[in-house]
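Structure file input27.txt (compact mmCIF, C-alpha atoms and all ligand atoms) is printed below.
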```txt
# COMPACT_ATOMS: atom_id res chain seq x y z
CA MET A 188 -11.59 -26.36 -37.46
CA ASN A 189 -11.59 -24.23 -34.32
CA ALA A 190 -8.40 -23.83 -32.35
CA PRO A 191 -8.61 -25.34 -28.86
CA THR A 192 -9.87 -22.84 -26.30
CA PRO A 193 -7.07 -21.90 -23.90
CA ALA A 194 -7.76 -22.64 -20.23
CA VAL A 195 -7.41 -18.94 -19.48
CA ASN A 196 -8.00 -16.32 -22.15
CA PRO A 197 -4.83 -14.19 -22.37
CA ALA A 198 -6.97 -11.16 -23.12
CA VAL A 199 -8.65 -11.63 -19.75
CA ASN A 200 -5.56 -12.70 -17.87
CA PRO A 201 -2.48 -10.89 -19.20
CA ALA A 202 -0.27 -12.81 -16.76
CA MET A 203 -0.58 -15.54 -19.43
CA ASN A 204 0.51 -13.23 -22.20
CA PRO A 205 4.28 -13.34 -22.73
CA ALA A 206 4.24 -10.39 -25.10
CA ARG A 207 2.90 -8.15 -22.38
CA ASN A 208 4.59 -9.62 -19.41
CA GLY A 209 7.91 -10.97 -20.48
CA GLU A 210 7.25 -14.32 -18.83
CA LEU A 211 4.75 -17.16 -18.77
CA ARG A 212 3.37 -18.14 -15.40
CA PRO A 213 2.14 -21.60 -14.51
CA GLY A 214 -1.66 -21.51 -14.72
CA GLY A 215 -1.58 -17.74 -15.27
CA GLN A 216 -1.57 -17.19 -11.53
CA PRO A 217 0.86 -14.97 -9.65
CA LEU A 218 3.69 -16.94 -8.08
CA ALA A 219 3.43 -17.80 -4.40
CA ASP A 220 5.87 -15.14 -3.19
CA GLU A 221 4.28 -12.32 -5.20
CA VAL A 222 2.27 -10.08 -2.91
CA ILE A 223 1.35 -7.53 -5.60
CA VAL A 224 0.93 -8.20 -9.30
CA THR A 225 -0.64 -5.54 -11.52
CA ARG A 226 -0.99 -5.69 -15.29
CA GLY A 227 -2.09 -2.79 -17.45
CA LEU A 228 -3.62 -0.72 -14.62
CA THR A 229 -5.32 2.46 -15.79
CA ARG A 230 -7.17 5.12 -13.83
CA SER A 231 -8.56 8.41 -15.15
CA PHE A 232 -10.38 11.30 -13.51
CA PRO A 233 -12.77 13.60 -15.37
CA MET A 234 -11.74 17.23 -14.92
CA GLY A 235 -14.14 19.73 -16.51
CA ASP A 236 -13.98 19.17 -20.26
CA THR A 237 -10.89 16.98 -20.10
CA VAL A 238 -9.79 13.72 -18.52
CA ILE A 239 -6.70 13.34 -16.34
CA ARG A 240 -5.05 10.02 -17.09
CA ALA A 241 -3.47 9.42 -13.68
CA LEU A 242 -2.31 5.84 -14.46
CA GLN A 243 -1.64 4.81 -18.04
CA GLY A 244 -1.07 1.06 -17.90
CA LEU A 245 1.12 0.00 -14.98
CA ASP A 246 2.74 -3.43 -14.64
CA VAL A 247 4.15 -3.84 -11.15
CA THR A 248 5.29 -7.01 -9.36
CA ILE A 249 6.32 -6.87 -5.70
CA CYS A 250 7.45 -9.92 -3.77
CA ARG A 251 7.16 -10.88 -0.12
CA GLY A 252 9.78 -9.21 2.04
CA GLU A 253 10.59 -6.39 -0.38
CA TYR A 254 10.90 -2.76 0.69
CA VAL A 255 9.96 -0.58 -2.29
CA ALA A 256 10.13 3.21 -2.52
CA ILE A 257 7.64 4.79 -4.96
CA MET A 258 9.01 8.10 -6.22
CA GLY A 259 8.20 10.72 -8.81
CA PRO A 260 7.06 14.33 -9.13
CA SER A 261 3.81 15.62 -7.67
CA GLY A 262 0.88 14.51 -9.83
CA SER A 263 2.73 11.55 -11.35
CA GLY A 264 0.18 9.03 -10.01
CA LYS A 265 1.83 7.78 -6.80
CA SER A 266 -1.22 8.16 -4.54
CA THR A 267 -3.56 6.85 -7.23
CA LEU A 268 -1.42 3.71 -7.47
CA MET A 269 -1.20 3.32 -3.68
CA ASN A 270 -4.97 3.68 -3.30
CA ILE A 271 -5.55 0.92 -5.85
CA ILE A 272 -2.89 -1.35 -4.33
CA GLY A 273 -4.44 -0.65 -0.92
CA CYS A 274 -7.94 -1.59 -2.18
CA LEU A 275 -9.26 1.90 -1.37
CA ASP A 276 -9.97 2.51 -5.07
CA ARG A 277 -10.42 0.40 -8.19
CA PRO A 278 -8.73 0.76 -11.58
CA ASP A 279 -10.72 1.57 -14.73
CA SER A 280 -9.03 -1.33 -16.48
CA GLY A 281 -6.22 -3.80 -15.95
CA GLN A 282 -5.68 -6.56 -13.40
CA TYR A 283 -4.58 -6.58 -9.81
CA TRP A 284 -3.81 -9.68 -7.78
CA LEU A 285 -3.22 -9.27 -4.05
CA ASN A 286 -1.59 -12.41 -2.65
CA GLY A 287 -2.99 -14.31 -5.62
CA THR A 288 -6.55 -13.00 -5.21
CA PRO A 289 -7.94 -11.27 -8.34
CA VAL A 290 -9.20 -8.10 -6.71
CA ALA A 291 -11.44 -7.00 -9.63
CA GLU A 292 -13.69 -10.00 -9.06
CA LEU A 293 -14.51 -9.04 -5.47
CA GLY A 294 -17.63 -7.15 -4.45
CA ASP A 295 -17.31 -4.15 -2.16
CA GLY A 296 -17.84 -6.19 1.04
CA ALA A 297 -15.27 -8.83 0.12
CA LEU A 298 -12.85 -6.09 -0.94
CA ALA A 299 -13.19 -4.34 2.42
CA ALA A 300 -12.62 -7.64 4.23
CA LEU A 301 -9.53 -8.36 2.12
CA ARG A 302 -8.20 -4.87 2.80
CA ASN A 303 -8.71 -5.25 6.53
CA ARG A 304 -6.99 -8.64 6.58
CA GLU A 305 -4.06 -8.04 4.22
CA ILE A 306 -3.21 -4.34 4.30
CA GLY A 307 -1.94 -1.82 6.81
CA PHE A 308 -2.12 1.74 5.45
CA VAL A 309 -0.23 4.76 6.84
CA PHE A 310 -1.21 8.22 5.55
CA GLN A 311 0.60 11.54 5.49
CA THR A 312 -2.13 13.07 7.66
CA PHE A 313 -2.18 10.19 10.21
CA ASN A 314 -6.02 9.81 9.94
CA LEU A 315 -6.53 9.04 13.63
CA LEU A 316 -9.85 9.40 15.44
CA ALA A 317 -9.50 12.66 17.39
CA ARG A 318 -11.77 11.65 20.26
CA ALA A 319 -10.21 8.22 20.83
CA ASP A 320 -7.03 7.53 22.78
CA ALA A 321 -4.03 5.76 21.23
CA LEU A 322 -5.12 2.34 22.45
CA HIS A 323 -8.62 2.69 21.02
CA ASN A 324 -7.31 4.01 17.69
CA VAL A 325 -5.09 0.95 17.35
CA GLU A 326 -7.90 -1.41 18.39
CA LEU A 327 -10.25 -0.17 15.65
CA PRO A 328 -9.20 -2.53 12.82
CA LEU A 329 -9.55 -5.44 15.25
CA ILE A 330 -13.12 -4.40 16.05
CA TYR A 331 -13.93 -4.56 12.32
CA ALA A 332 -12.19 -7.96 12.20
CA GLY A 333 -14.47 -9.25 14.99
CA ILE A 334 -11.69 -9.93 17.54
CA SER A 335 -12.75 -10.21 21.20
CA ARG A 336 -12.35 -7.21 23.48
CA ARG A 337 -9.70 -8.86 25.61
CA GLU A 338 -7.54 -9.93 22.66
CA ARG A 339 -8.01 -6.53 21.01
CA SER A 340 -6.70 -4.72 23.99
CA GLU A 341 -3.74 -7.06 24.37
CA ARG A 342 -2.75 -6.84 20.70
CA ALA A 343 -3.16 -3.05 20.57
CA ARG A 344 -0.91 -2.72 23.63
CA LEU A 345 1.75 -4.91 22.00
CA ALA A 346 1.57 -2.94 18.74
CA LEU A 347 2.00 0.35 20.62
CA GLU A 348 4.89 -1.16 22.53
CA ARG A 349 6.42 -2.20 19.18
CA VAL A 350 6.48 1.46 18.05
CA GLY A 351 7.81 2.71 21.38
CA LEU A 352 4.59 4.18 22.83
CA SER A 353 3.88 1.96 25.86
CA ASP A 354 3.69 5.08 28.00
CA ARG A 355 1.13 6.88 25.80
CA LEU A 356 -1.76 4.39 25.65
CA ARG A 357 -4.34 6.77 27.11
CA HIS A 358 -3.26 9.90 25.22
CA ARG A 359 -5.49 11.32 22.54
CA PRO A 360 -3.99 12.48 19.22
CA SER A 361 -4.12 16.14 20.32
CA GLU A 362 -1.99 15.20 23.32
CA LEU A 363 0.73 13.62 21.15
CA SER A 364 3.49 15.07 18.94
CA GLY A 365 3.38 14.60 15.17
CA GLY A 366 5.93 11.79 15.32
CA GLN A 367 3.98 10.06 18.10
CA ARG A 368 0.75 10.37 16.12
CA GLN A 369 2.41 8.73 13.15
CA ARG A 370 3.68 5.97 15.46
CA VAL A 371 0.11 5.35 16.59
CA ALA A 372 -0.90 5.16 12.91
CA VAL A 373 1.91 2.66 12.24
CA ALA A 374 0.77 0.57 15.24
CA ARG A 375 -2.79 0.65 13.88
CA ALA A 376 -1.49 -0.51 10.48
CA LEU A 377 0.45 -3.39 12.07
CA VAL A 378 -2.07 -4.63 14.60
CA THR A 379 -3.92 -6.91 12.17
CA ARG A 380 -0.56 -8.47 11.14
CA PRO A 381 -1.10 -7.52 7.49
CA SER A 382 0.88 -9.10 4.68
CA LEU A 383 1.55 -5.65 3.24
CA LEU A 384 2.39 -2.28 4.82
CA LEU A 385 1.61 0.73 2.60
CA ALA A 386 2.66 4.27 3.46
CA ASP A 387 1.88 7.34 1.33
CA GLU A 388 4.37 10.07 2.23
CA PRO A 389 4.28 9.10 5.92
CA THR A 390 6.88 11.73 6.83
CA GLY A 391 5.41 14.55 4.72
CA ASN A 392 4.00 16.36 7.77
CA LEU A 393 6.97 15.79 10.07
CA ASP A 394 10.15 17.74 10.77
CA SER A 395 13.33 16.11 9.52
CA ALA A 396 14.48 14.63 12.85
CA THR A 397 11.06 13.08 13.50
CA ALA A 398 10.89 11.89 9.89
CA ALA A 399 14.21 10.11 10.38
CA ASP A 400 12.76 8.35 13.46
CA ILE A 401 9.73 7.13 11.53
CA LEU A 402 11.91 5.94 8.63
CA ALA A 403 14.12 4.07 11.09
CA LEU A 404 10.96 2.37 12.36
CA PHE A 405 10.05 1.29 8.80
CA ALA A 406 13.58 -0.04 8.34
CA GLU A 407 13.16 -2.12 11.52
CA LEU A 408 9.80 -3.41 10.37
CA HIS A 409 11.34 -4.41 7.05
CA ALA A 410 14.22 -6.17 8.81
CA ALA A 411 11.59 -8.07 10.83
CA GLY A 412 10.17 -9.46 7.58
CA ASN A 413 7.40 -7.03 6.64
CA THR A 414 6.69 -6.20 2.99
CA ILE A 415 6.63 -2.41 2.65
CA VAL A 416 5.69 -0.03 -0.16
CA LEU A 417 6.39 3.60 0.74
CA VAL A 418 5.86 6.80 -1.25
CA THR A 419 8.62 9.30 -0.55
CA HIS A 420 10.60 12.19 -1.99
CA ASP A 421 13.59 11.21 0.12
CA ALA A 422 16.37 9.70 -2.01
CA GLY A 423 17.91 8.29 1.17
CA VAL A 424 14.87 6.06 1.68
CA ALA A 425 15.09 4.73 -1.86
CA GLU A 426 18.73 3.94 -1.17
CA HIS A 427 17.83 2.10 2.01
CA ALA A 428 14.78 0.34 0.57
CA GLY A 429 16.74 -1.56 -2.02
CA ARG A 430 14.26 -0.87 -4.82
CA ALA A 431 12.85 2.35 -6.24
CA ILE A 432 10.01 2.61 -8.75
CA ARG A 433 9.85 6.06 -10.36
CA LEU A 434 6.60 7.26 -11.91
CA ARG A 435 6.16 10.04 -14.43
CA ASP A 436 2.84 11.02 -16.02
CA GLY A 437 1.17 7.80 -14.88
CA ARG A 438 3.83 5.49 -16.27
CA ILE A 439 6.86 3.73 -14.83
CA GLU A 440 9.92 5.75 -15.74
CA SER A 441 12.38 3.41 -14.01
CA ASP A 442 12.45 0.46 -11.63
CA THR A 443 15.85 -0.05 -10.06
CA ARG A 444 17.17 -2.47 -7.46
CA LYS A 445 20.26 -2.02 -5.40
CA THR A 446 22.73 -4.73 -6.30
P1 LIG A 501 0.87 12.05 -6.72
O1 LIG A 501 0.45 11.28 -5.53
O2 LIG A 501 2.02 11.44 -7.49
O3 LIG A 501 1.16 13.49 -6.42
P2 LIG A 501 -1.85 11.58 -7.62
O4 LIG A 501 -1.92 10.10 -7.82
O5 LIG A 501 -2.46 12.13 -6.37
O6 LIG A 501 -0.33 12.06 -7.78
O7 LIG A 501 -2.54 12.31 -8.85
C1 LIG A 501 -2.26 11.97 -10.20
C2 LIG A 501 -3.08 12.88 -11.09
O8 LIG A 501 -4.46 12.56 -10.96
C3 LIG A 501 -2.96 14.34 -10.73
O9 LIG A 501 -2.99 15.09 -11.92
C4 LIG A 501 -4.18 14.61 -9.89
O10 LIG A 501 -4.57 15.94 -9.97
C5 LIG A 501 -5.19 13.66 -10.49
N1 LIG A 501 -6.16 13.17 -9.49
C6 LIG A 501 -5.90 12.34 -8.46
N2 LIG A 501 -7.01 12.06 -7.76
C7 LIG A 501 -8.02 12.75 -8.36
C8 LIG A 501 -9.43 12.89 -8.12
N3 LIG A 501 -10.02 12.23 -7.11
N4 LIG A 501 -10.13 13.69 -8.94
C9 LIG A 501 -9.53 14.33 -9.98
N5 LIG A 501 -8.22 14.25 -10.26
C10 LIG A 501 -7.46 13.46 -9.47
MG MG A 502 0.31 11.78 -3.50
```
Would you give me this structure, written as structure tokens?
Ligand code: ADP
Ligand code: MG
Amino acid sequence: MNAPTPAVNPAVNPAMNPARNGELRPGGQPLADEVIVTRGLTRSFPMGDTVIRALQGLDVTICRGEYVAIMGPSGSGKSTLMNIIGCLDRPDSGQYWLNGTPVAELGDGALAALRNREIGFVFQTFNLLARADALHNVELPLIYAGISRRERSERARLALERVGLSDRLRHRPSELSGGQRQRVAVARALVTRPSLLLADEPTGNLDSATAADILALFAELHAAGNTIVLVTHDAGVAEHAGRAIRLRDGRIESDTRKT
């Protein structure tokens, strides 16, 4: 006699598989307060005759309201992980749920829409449009989201005010300091009111005083309820964040919470 077919095949949905996960979840779905759930993520890159295994099976769970520092040596897979979490790249295998949505099942259009709605991304190199002023740079994600011109402008103004740049709305990136450029990028990341703020070495191109300013801004945003995942080499950030995930060779070396 055949065994009854499980409602969800554990091989397809490892969240059901206690051996892999350490816990059973009702219905196999991520819990309501879990913003990020990954199981068995892998990502490789062909390099000449060899293959670089950038991620070798990552299980990460991050809940609403957490501030998580991702750390680890250069080449350990931090950016690869952030790009997958941020829906800029897809894993070769493994599962990723973003706010309960199984990302692997989405086509490219739906993935882009999900990214625009749920994620604000801040990069080391700011990635601002050189020819657009601060206000227009911050409005861009709202244009993609189909928000009216009037509301766009209002929300972009408020986001720039939030990062302390009310007096720089009409400045272009070349007319702003590095710290101000990164503030514009943070405003652009926040303007869609994303459920998740991702930052990949956001202070890597800034001097230490300016970096401290930007990190203070992230601390404020966390205190205001934002969920933040930030790649950094700064042990002070990990201390402040409350949780540090350390990667080495594409695996989690440690995952520690401040008690
Ligand atoms: P980190 O951000 O921790 O410095 P990355 O995630 O950028 O590390 O890279 C992890 C590994 O994958 C590195 O060995 C890197 O060279 C390699 N890698 C990352 N992206 C690519 C790519 N697009 N093509 C080839 N190799 C890549
Ligand atoms: Mg990197």
Query raised in the report: Skipping near chain neighbours, those fewer than 5 positions away, what residues fall within 8 Å of A:Arg430 using only C-alpha atoms, listed as an MDAnalysis selection string?
Result: chainID A and resid 253:256 425 442:445
Report task. Output the neighbourhood of ligand LIG 501 (chain A) as a ChimeraX atom specification, that is, all protein and nucleic acid residues with some atom at most 8 Å from the ligand, counting all atoms listed in the file. Result -> /A:231-234,239-242,258-269,434,436-437
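Omitting A:Ala300 and its sequence neighbours fewer than 6 positions away, and counting all atoms listed in the file, the residues within 12 Å are Gly273, Cys274, Leu275, Val290, Leu293, Gly294, Ile306, Pro328, Leu329, Tyr331, Ala332, Gly333, Thr379 and Pro381 of chain A.
Nearest-residue note for A:Val247: choosing from A:Ala372, A:Leu345, A:Ile330, A:Ile439, the minimum distance belongs to A:Ile439, counting all atoms listed in the file.
Minimum atom-to-atom distance to A:Ile271, evaluated using all atoms listed in the file, belongs to A:Thr225 out of A:Thr414, A:Thr225, A:Thr419, A:Thr390.
Among the candidate residues A:Pro217, A:Thr312, A:Asn270, A:Ser335, the one lying nearest to A:Trp284 is A:Pro217, with distances computed using all atoms listed in the file.
Closest approach to A:Thr248 among A:Ile272, A:Val416, A:Ile223, A:Leu408: A:Ile223, based on only C-alpha atoms.
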Query raised in the report: How would you write as a ChimeraX atom specification the residues that get within 7 Å of (1.3, -0.4, 2.9) in the file's frame, counting all atoms listed in the file?
Result: /A:273,306-309,383-386,415-417
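Closest approach to A:Val350 among A:Arg226, A:Arg438, A:Arg375, A:Arg277 is made by A:Arg375 (distances from all atoms listed in the file).
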Query raised in the report: With distances taken over all atoms listed in the file, which of A:Ser382, A:Arg230, A:Arg368, A:Asp246 is nearest to A:Leu285?
Result: A:Ser382
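Note that atom CA of A:Leu218 and atom CA of A:Gln282 are 15.0 Å apart.
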Report task. Could you tell me how far atom CA of A:Asp320 lies from atom CA of A:Ala374, in Å and to one decimal? Result -> 12.9 Å
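Between atom CA of A:Ala399 and atom CA of A:Glu426 there is a distance of 13.9 Å.
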Query raised in the report: Which residues come within 9 Å of A:Gly365, counting all atoms listed in the file, excluding same-chain residues fewer than 3 positions away, as a ChimeraX atom specification?
Result: /A:313,360,368-370,392-394,397
Go ahead and write the residues just picked, C-alpha atoms, as a short mmCIF file (atom, residue, chain, number, x, y, z; two decimals), in the frame of the given file.
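Result saved to again_22.cif:
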```
data_model
loop_
_atom_site.label_atom_id
_atom_site.label_comp_id
_atom_site.auth_asym_id
_atom_site.auth_seq_id
_atom_site.Cartn_x
_atom_site.Cartn_y
_atom_site.Cartn_z
CA PHE A 313 -2.18 10.19 10.21
CA PRO A 360 -3.99 12.48 19.22
CA ARG A 368 0.75 10.37 16.12
CA GLN A 369 2.41 8.73 13.15
CA ARG A 370 3.68 5.97 15.46
CA ASN A 392 4.00 16.36 7.77
CA LEU A 393 6.97 15.79 10.07
CA ASP A 394 10.15 17.74 10.77
CA THR A 397 11.06 13.08 13.50
#
```
